[in-house]
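Step one of this worksheet: look at the structure below.
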Amino acid sequence: MTGPVVRLLIAAALFHVVLVQPTHPDALRWGTLAFFPLELPVILLGLAVLRPGTAQRLVRVALVGFLTLMVVLKGADYALHIAFARGFNPVSDLILIEAGLRLLTGTIGGVQTVLAVLAVLGGLVVTARGLWWATGVWAGLASQRSQLRMAVAAAALVAFGAALVDVAQGVPGSPAPFDPPGMAFTTRVGMERFTLARATLSDFRAFERAAAMDDWAETDTALNLIDRDVIIVFVESYGRTSFDTALYADLHRATLAKGEARLAARGVAMASGFVASPTRGGQSWLAHATFANGLWIDGQSRYGAVLASGRQTLFHIAAAAGFQTAAVMPQITLDWPESTTMGFETILDASSLGYKGLPFNWVTMPDQFTYAALDRQLRGPARVRPLFVQVATGTSHAPWVPVPDLVPWDQIGDGQIFNPMATAGDPPDVVWRDRDRVRAQYRLAVDYALRAVLAYAERHAEDPPLMIVLGDHQAAGFVALEDRPDVPMHVIGPAHLVERVAQWGLTPGLTPSDDAPVLPMDSLRDLVLRSFTTDGPTAAQRMLAPPGADPHL
């Protein structure tokens with residue numbers, strides 16, 4: 001009997017490990033194995049009493065398929081909690097697979113990425129095969145003596161009853177009875193994903209209807225108070241942590257203070273505040289779209305809906321007002337077909353910015369080169385219209401190694417001056433073995449991004465454009481060490497224009513007040529339009545909040 005009993009225990013242990021698989025990094029600890037999954041006695045009891053035959057085999061196939069799918073969904077949940085501080089949406093997040101693979105390739109290399117993918121797929125095959133074996137071991141009890149079957153069934157029922165009593169009484173530290181975070185409700189995880197998928201599809205339809213409504217679409221005097229170029233700069237991964245986390249604040253606050261002093265001495269006005277971003281840890285395009293459309297876009301379903309809706313973005317409206325609109329996107333390396341619906345007349349991606357230097361791993365080129373290319377290709381003397389442009393910087397994008405430094409503007413050329421910097425220091429696959437080193441590199445990368453944009457503003461201080469500089473999102477949670485979705489925003493330019501944003505509740509200078517109001521990012525489009533338009537609509541399109549959720553947090 002020893003052999004069969006050992007196999008039963010090993011099979012039960014395999015079920016147990018799969019059922020208690022954590023969905024959040026905080027649950028990745030040995031203590032998780034002590035949690036009792038409520039599904040376990042049901043699975044064991046069902047397999048033990050179901051008689052051999054076609055029905056039993058179908059149950060085994062369904063059970064193995066379900067549990068393997070749950071391994072995938074839990075793994076996706078775990079990965080997105082690390083990257084974006086949220087769970088996995090099976091409808092809107094599938095597109096992230098390609099983006100994640102490209103990021104992984106830039107971080108650890110193509111060969112290692114292929115090996116990692118093969119390892120994951122191989123692990124799933126081994127898991128499914130192991131689960132099939134485990135179901136067979138317990139299903140084999142159905143052909144044993146009835147006394148043994150009844151004993152196993154009784155033991156499973158007793159365990160199940162004890163677990164229910166434990167849940168009904170509540171688990172210490174749990175938010176409420178019947179909702180203990182460590183009880184590994186695998187079935188609940190599956191149901192939550194199913195419910196989320198249905199809600200996302202419903203939200204998609206509602207968003208399409210809301211996106212079609214826009215009070216600014218027919219306004220022909222929009223932005224008539226702006227008499228110069230407008231440059232919207234999204235600083236990658238620049239979050240509130242730069243002000244509130246000691247590891248970053250000492251350096252970043254000092255850099256901003258120095259930049260503020262230099263700009264003020266040149267007569268440039270500044271005001272700063274905080275903005276709530278719709279995303280964390282990545283998916284910068286959601287922040288870009290939220291700003292441009294004036295609608296809360298916190299997932300791929302809403303992103304797709306707004307692209308299909310025909311909504312007039314800030315850039316559509318600027319083009320109608322006589323501006324030349326453009327997007328400067330150094331991190332765009334593939335086709336970007338959706339850009340044609342965003343209101344940009346000109347797209348400068350990585351291949352069209354003229355950079356001939358070496359890439360900085362995942363980062364295609366230093367920010368300083370991006371700003372120099374902006375001047376060279378868009379702000380030259382031959383243009384006949386003022387510019388309204390979106391710039392998305394790249395240097396502060398993960399993996400944050402290596403970090404360049406500023407060079408004299410007149411020596412930038414085609415970017416080969418940066419080559420020695422691009423090969424300096426340890427590669428990402430070395431740095432990312434140590435989270436402290438990752439945070440140290442992030443600290444330096446964001447500081448460079450701030451120095452670069454402030455140097456660009458200072459370079460044009462004699463005739464400053466109106467610049468709105470803001471973060472797109474916080475970095476991943478283990479890097480940011482900050483849970484809030486807030487990002488900084490700086491308005492830089494001539495005094496007569498910066499004064500018009502005083503109604504936004506901003507703080508003079510480049511350092512926002514700690515208690516400054518946090519503006520929802522979807523309010524910025526209409527704030528810009530109202531602040532710089534003589535006669536705008538009386539009521540702007542209101543944001544659409546996710547059903548049952550706070551629209552900003």
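Here's how to read the names in the structure tokens: chain A, B, ... by the order shown, residue numbers from 1 in each chain, ligand numbers from 1 in the order shown.
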Next item on the list: Using only C-alpha atoms, determine which residues lie at most 8 Å from region 365-367 of chain A, disregarding the query and same-chain residues fewer than 5 positions distant; provide the list as a PyMOL selection string.
Entry: chain A and resi 330+355+357-360+393-395+404+418+449+452-453
Residues of region 358-470 of chain A that have any atom at most 10 Å from an atom of region 279-286 of chain A: could you tabulate them with the shortest-distance atom pair and the distance in Å to one decimal, using only C-alpha atoms, ordered by chain and increasing number, as JSON lines?
{"residue": "A:Ala392", "atom": "CA", "partner": "A:Ser284", "partner_atom": "CA", "distance": 8.9}
{"residue": "A:His397", "atom": "CA", "partner": "A:Gly282", "partner_atom": "CA", "distance": 9.0}
{"residue": "A:Ala398", "atom": "CA", "partner": "A:Gly282", "partner_atom": "CA", "distance": 9.4}
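Residues within 10 Å of Leu69 (chain A), counting only C-alpha atoms and excluding same-chain residues fewer than 4 positions away, are Leu63, Val64, Gly65, Leu73, Lys74, Gly75, Leu124, Ala128 and Gly190 of chain A.
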Item checked: All residues 7 Å or closer to region 269-275 of chain A, only C-alpha atoms, same chain fewer than 4 positions away omitted, as a ChimeraX atom specification -> /A:264,486-495,498,506-512,516-521
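Ranking A:Val72, A:Val479, A:Val501, A:Leu524 by their shortest atom-to-atom distance to Trp296 (chain A), with only C-alpha atoms included, puts A:Leu524 first.
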